[in-house]
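Trainee: Coordinates in input.json, JSON, C-alpha atoms and all ligand atoms, are listed below.
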[["chain", "number", "residue", "atom", "x", "y", "z"],
["A", 1, "MET", "CA", 135.91, 91.40, 82.39],
["A", 2, "SER", "CA", 133.49, 88.75, 83.60],
["A", 3, "ALA", "CA", 132.49, 85.80, 81.48],
["A", 4, "ARG", "CA", 129.12, 85.38, 79.82],
["A", 5, "PRO", "CA", 126.37, 85.21, 82.49],
["A", 6, "ARG", "CA", 125.45, 81.70, 83.61],
["A", 7, "GLY", "CA", 122.46, 80.03, 81.94],
["A", 8, "PHE", "CA", 119.46, 78.34, 83.61],
["A", 9, "SER", "CA", 116.22, 76.74, 82.51],
["A", 10, "LYS", "CA", 114.24, 77.42, 85.71],
["A", 11, "PHE", "CA", 113.27, 80.94, 86.68],
["A", 12, "ARG", "CA", 113.94, 80.21, 90.38],
["A", 13, "GLU", "CA", 117.56, 79.46, 89.42],
["A", 14, "VAL", "CA", 117.72, 82.66, 87.38],
["A", 15, "GLN", "CA", 116.40, 84.54, 90.42],
["A", 16, "ALA", "CA", 119.10, 83.04, 92.66],
["A", 17, "GLU", "CA", 121.78, 83.94, 90.14],
["A", 18, "LEU", "CA", 120.43, 87.51, 89.91],
["A", 19, "ASP", "CA", 120.77, 87.73, 93.70],
["A", 20, "ARG", "CA", 124.40, 86.55, 93.38],
["A", 21, "SER", "CA", 125.67, 88.37, 90.31],
["A", 22, "GLY", "CA", 122.94, 90.65, 88.91],
["A", 23, "ALA", "CA", 122.82, 88.91, 85.50],
["A", 24, "ALA", "CA", 121.79, 85.52, 84.17],
["A", 25, "ILE", "CA", 120.60, 83.86, 81.00],
["A", 26, "TYR", "CA", 117.19, 82.17, 80.93],
["A", 27, "ARG", "CA", 117.01, 79.30, 78.46],
["A", 28, "ASP", "CA", 113.43, 78.34, 77.52],
["A", 29, "GLU", "CA", 112.17, 74.96, 76.30],
["A", 30, "ASP", "CA", 112.82, 75.93, 72.68],
["A", 31, "GLY", "CA", 116.44, 76.78, 73.48],
["A", 32, "THR", "CA", 115.90, 80.54, 73.17],
["A", 33, "GLU", "CA", 118.27, 82.41, 75.46],
["A", 34, "SER", "CA", 117.24, 85.67, 77.14],
["A", 35, "LEU", "CA", 119.65, 87.83, 79.09],
["A", 36, "ILE", "CA", 118.02, 88.81, 82.41],
["A", 37, "VAL", "CA", 119.48, 91.64, 84.47],
["A", 38, "ARG", "CA", 118.58, 93.07, 87.84],
["A", 39, "SER", "CA", 118.54, 96.80, 88.48],
["A", 40, "PRO", "CA", 116.98, 98.89, 91.27],
["A", 41, "TYR", "CA", 113.55, 100.35, 90.60],
["A", 42, "ALA", "CA", 111.27, 101.87, 93.26],
["A", 43, "ILE", "CA", 108.27, 104.17, 93.17],
["A", 44, "ASN", "CA", 105.45, 105.13, 95.49],
["A", 45, "TYR", "CA", 102.32, 104.77, 93.43],
["A", 46, "VAL", "CA", 99.50, 106.82, 94.98],
["A", 47, "HIS", "CA", 96.19, 106.11, 93.33],
["A", 48, "SER", "CA", 92.47, 105.90, 93.98],
["A", 49, "TYR", "CA", 90.22, 102.88, 93.52],
["A", 50, "ALA", "CA", 87.32, 105.34, 93.15],
["A", 51, "GLU", "CA", 84.09, 103.45, 92.47],
["A", 52, "ASP", "CA", 85.91, 100.09, 92.67],
["A", 53, "SER", "CA", 86.75, 100.80, 96.34],
["A", 54, "PRO", "CA", 84.01, 98.52, 97.77],
["A", 55, "PHE", "CA", 85.63, 95.56, 95.98],
["A", 56, "PHE", "CA", 88.98, 96.07, 97.73],
["A", 57, "LEU", "CA", 87.38, 96.93, 101.09],
["A", 58, "GLY", "CA", 85.36, 93.73, 100.69],
["A", 59, "LEU", "CA", 88.51, 91.62, 100.20],
["A", 60, "ALA", "CA", 89.82, 92.96, 103.51],
["A", 61, "GLU", "CA", 86.61, 91.63, 105.13],
["A", 62, "GLY", "CA", 86.92, 88.24, 103.43],
["A", 63, "ARG", "CA", 84.15, 89.05, 100.94],
["A", 64, "LEU", "CA", 84.34, 88.64, 97.19],
["A", 65, "ARG", "CA", 82.13, 91.19, 95.49],
["A", 66, "GLY", "CA", 80.75, 91.31, 91.99],
["A", 67, "SER", "CA", 78.23, 93.49, 90.20],
["A", 68, "LYS", "CA", 74.65, 92.99, 89.10],
["A", 69, "CYS", "CA", 72.81, 95.04, 86.50],
["A", 70, "ARG", "CA", 70.01, 97.03, 88.15],
["A", 71, "LYS", "CA", 67.70, 96.80, 85.15],
["A", 72, "PRO", "CA", 65.23, 94.02, 86.07],
["A", 73, "LYS", "CA", 64.78, 92.81, 82.47],
["A", 74, "CYS", "CA", 68.57, 92.38, 82.15],
["A", 75, "GLY", "CA", 70.01, 91.57, 85.59],
["A", 76, "PHE", "CA", 73.36, 90.41, 84.17],
["A", 77, "VAL", "CA", 75.74, 89.33, 86.95],
["A", 78, "TYR", "CA", 79.49, 90.09, 86.69],
["A", 79, "GLY", "CA", 82.30, 88.32, 88.53],
["A", 80, "THR", "CA", 84.22, 91.61, 88.83],
["A", 81, "PRO", "CA", 83.58, 95.25, 89.76],
["A", 82, "ARG", "CA", 81.71, 97.00, 86.95],
["A", 83, "SER", "CA", 79.87, 100.28, 87.38],
["A", 84, "HIS", "CA", 77.68, 99.85, 84.32],
["A", 85, "CYS", "CA", 76.29, 96.82, 82.51],
["A", 86, "MET", "CA", 78.10, 95.81, 79.32],
["A", 87, "VAL", "CA", 74.88, 94.30, 77.97],
["A", 88, "CYS", "CA", 72.39, 97.16, 78.42],
["A", 89, "GLY", "CA", 74.40, 100.10, 79.83],
["A", 90, "ALA", "CA", 72.37, 100.42, 83.05],
["A", 91, "PRO", "CA", 74.13, 101.06, 86.40],
["A", 92, "THR", "CA", 74.99, 98.01, 88.51],
["A", 93, "GLU", "CA", 74.79, 97.23, 92.23],
["A", 94, "TRP", "CA", 77.26, 95.32, 94.40],
["A", 95, "ILE", "CA", 76.58, 91.68, 95.21],
["A", 96, "ASP", "CA", 78.50, 89.09, 97.21],
["A", 97, "LEU", "CA", 79.95, 86.39, 94.96],
["A", 98, "PRO", "CA", 80.21, 82.78, 96.07],
["A", 99, "THR", "CA", 83.62, 82.00, 97.56],
["A", 100, "LYS", "CA", 83.63, 78.64, 95.75],
["A", 101, "GLY", "CA", 83.85, 78.26, 92.01],
["A", 102, "ARG", "CA", 85.42, 76.22, 89.23],
["A", 103, "VAL", "CA", 88.44, 76.57, 86.97],
["A", 104, "HIS", "CA", 87.24, 77.82, 83.58],
["A", 105, "SER", "CA", 90.78, 78.07, 82.19],
["A", 106, "TRP", "CA", 94.27, 78.75, 83.49],
["A", 107, "THR", "CA", 97.80, 79.67, 82.56],
["A", 108, "THR", "CA", 101.12, 79.08, 84.31],
["A", 109, "CYS", "CA", 103.31, 82.19, 84.43],
["A", 110, "HIS", "CA", 107.07, 81.60, 84.33],
["A", 111, "PHE", "CA", 107.78, 85.31, 84.60],
["A", 112, "GLY", "CA", 106.13, 87.77, 86.93],
["A", 113, "SER", "CA", 106.25, 91.31, 88.16],
["A", 114, "GLU", "CA", 108.20, 92.03, 91.33],
["A", 115, "ALA", "CA", 105.25, 91.25, 93.62],
["A", 116, "PHE", "CA", 105.10, 87.68, 92.29],
["A", 117, "LEU", "CA", 108.78, 86.78, 91.81],
["A", 118, "LYS", "CA", 108.96, 84.74, 95.02],
["A", 119, "GLU", "CA", 106.09, 82.51, 93.89],
["A", 120, "THR", "CA", 107.07, 82.27, 90.21],
["A", 121, "PRO", "CA", 106.16, 80.09, 88.41],
["A", 122, "TYR", "CA", 102.56, 80.66, 89.50],
["A", 123, "ASN", "CA", 99.13, 79.85, 88.14],
["A", 124, "LEU", "CA", 96.48, 82.33, 87.05],
["A", 125, "ALA", "CA", 92.95, 81.03, 86.66],
["A", 126, "LEU", "CA", 89.73, 82.33, 85.18],
["A", 127, "VAL", "CA", 87.15, 81.38, 87.80],
["A", 128, "GLU", "CA", 83.52, 80.66, 86.99],
["A", 129, "PHE", "CA", 80.80, 80.89, 89.64],
["A", 130, "ASP", "CA", 77.26, 79.49, 89.71],
["A", 131, "GLY", "CA", 74.80, 82.18, 88.64],
["A", 132, "VAL", "CA", 77.49, 84.58, 87.42],
["A", 133, "GLY", "CA", 77.81, 85.53, 83.75],
["A", 134, "SER", "CA", 81.48, 86.58, 83.62],
["A", 135, "LEU", "CA", 84.79, 85.30, 84.93],
["A", 136, "LEU", "CA", 87.29, 86.45, 87.58],
["A", 137, "LEU", "CA", 91.04, 86.36, 86.86],
["A", 138, "VAL", "CA", 92.93, 85.44, 90.02],
["A", 139, "ARG", "CA", 95.96, 83.51, 91.30],
["A", 140, "LEU", "CA", 95.56, 79.81, 92.00],
["A", 141, "ARG", "CA", 97.86, 78.57, 94.77],
["A", 142, "ASP", "CA", 98.65, 75.35, 96.66],
["A", 143, "CYS", "CA", 98.70, 73.35, 93.43],
["A", 144, "VAL", "CA", 100.97, 72.73, 90.47],
["A", 145, "GLU", "CA", 100.12, 72.91, 86.80],
["A", 146, "SER", "CA", 99.73, 69.14, 86.47],
["A", 147, "ASP", "CA", 96.98, 69.21, 89.18],
["A", 148, "LEU", "CA", 94.77, 71.55, 87.18],
["A", 149, "TYR", "CA", 91.82, 70.75, 84.96],
["A", 150, "VAL", "CA", 88.84, 72.60, 83.51],
["A", 151, "GLY", "CA", 85.95, 72.40, 85.97],
["A", 152, "MET", "CA", 88.20, 71.82, 89.00],
["A", 153, "PRO", "CA", 86.43, 72.98, 92.23],
["A", 154, "ILE", "CA", 88.32, 75.81, 93.90],
["A", 155, "GLU", "CA", 87.71, 78.16, 96.80],
["A", 156, "ALA", "CA", 88.79, 81.67, 97.77],
["A", 157, "LYS", "CA", 91.34, 82.49, 100.46],
["A", 158, "PHE", "CA", 91.87, 86.00, 101.78],
["A", 159, "GLU", "CA", 94.98, 87.78, 103.03],
["A", 160, "PRO", "CA", 94.72, 88.14, 106.84],
["A", 161, "ASN", "CA", 96.78, 91.36, 106.69],
["A", 162, "PRO", "CA", 95.18, 93.10, 103.71],
["A", 163, "LYS", "CA", 97.18, 95.34, 101.41],
["A", 164, "TYR", "CA", 94.06, 96.57, 99.54],
["A", 165, "SER", "CA", 95.28, 94.91, 96.38],
["A", 166, "ILE", "CA", 94.02, 92.10, 94.14],
["A", 167, "THR", "CA", 96.70, 90.00, 95.85],
["A", 168, "ASP", "CA", 94.44, 90.04, 98.95],
["A", 169, "VAL", "CA", 92.52, 87.17, 97.35],
["A", 170, "TRP", "CA", 93.61, 83.91, 95.74],
["A", 171, "PHE", "CA", 92.03, 80.54, 95.12],
["A", 172, "VAL", "CA", 93.10, 77.04, 96.16],
["A", 173, "PRO", "CA", 91.73, 73.58, 95.33],
["A", 174, "ALA", "CA", 88.46, 73.13, 97.27],
["A", 175, "ARG", "CA", 88.86, 70.84, 100.29],
["B", 201, "ZN", "ZN", 72.10, 95.09, 82.00]]
Can you dump the structure from the file as structure tokens?

Mentor:
Amino acid sequence: MSARPRGFSKFREVQAELDRSGAAIYRDEDGTESLIVRSPYAINYVHSYAEDSPFFLGLAEGRLRGSKCRKPKCGFVYGTPRSHCMVCGAPTEWIDLPTKGRVHSWTTCHFGSEAFLKETPYNLALVEFDGVGSLLLVRLRDCVESDLYVGMPIEAKFEPNPKYSITDVWFVPAR
């Protein structure tokens, strides 16, 4: 019978222990202990992006696309794909968003799904763009939490080998 799993306060250390033994205890800042276990899990998820497809095809071309309400009196601009306007209900059209924006808000994630484990902890930011009425939620890389502030200028980077996923785009501090 093995002893109680080893405890760690950094998720990277938990990850390393999971690689070694398959079980570890994560101890958070409040002293709460969570047992973390590793077990195999694999699926092939076949799905359609349907009317959001131009957004993901755009990422593969290094373009960030949003939506603009077609009704001239409204014309609301969204920082995400949206087939119909939330303000007036009219259909939208695709527009190219700026590739530079500002941090509206952010959070640092100390846990992540499998796709993000290698970069955990990682930052998620709500990005605001000039002339755009809603925000884009995206990863913020090449910076640590203590670098971040509201209004910080940031710019988009695109995956050179696209996977047709939201992970094909991320933001970094603007140079
Ligand atoms: Zn509208």

Trainee: Enter the distance from atom CA of Lys163 of chain A to atom CA of Ile36 of chain A, in Å, rounded to one decimal.

Mentor: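 Computing the Euclidean distance for atom CA of Lys163 of chain A and atom CA of Ile36 of chain A yields 28.9 Å.
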
Trainee: When distances are computed from only C-alpha atoms, which of A:Gly131, A:Asn44, A:Asp96, A:Ser113 shows the smallest separation from Phe76 of chain A?

Mentor: A:Gly131

Trainee: Taking all atoms listed in the file into account, report as a list in words which residues have an atom no farther than 6 Å from an atom of ligand ZN 201 (chain B).

Mentor: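 Selection of residues at most 6 Å from ligand ZN 201 (chain B): Cys69, Lys71, Cys74, Gly75, Phe76, Cys85, Val87, Cys88, Gly89 and Ala90 of chain A.
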
Trainee: Counting all atoms listed in the file, which of A:Ala24, A:Val150, A:Val46, A:Ala125 gets nearest to Arg12 of chain A?

Mentor: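 Under the stated criterion, the closest residue is A:Ala24.
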
Trainee: Just to confirm, what's the straight-line distance from atom CA of Ser134 of chain A to atom CA of Val172 of chain A in Å (one decimal)?

Mentor: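 Rounded to one decimal, the two atoms are 19.6 Å apart.
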
Trainee: What does the structure give for the distance between atom CA of Ser146 of chain A and atom CA of Trp170 of chain A, in Å to one decimal?

Mentor: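 Taking atom CA of Ser146 of chain A as the start and atom CA of Trp170 of chain A as the end point, the length is 18.5 Å.
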
Trainee: Hey, what's within 12 Å of Arg139 of chain A if we count all atoms listed in the file and toss same-chain stuff fewer than 3 positions away? As a PyMOL selection string, please?

Mentor: chain A and resi 103+105-109+112+116+119-127+136+142-144+154-158+166-173
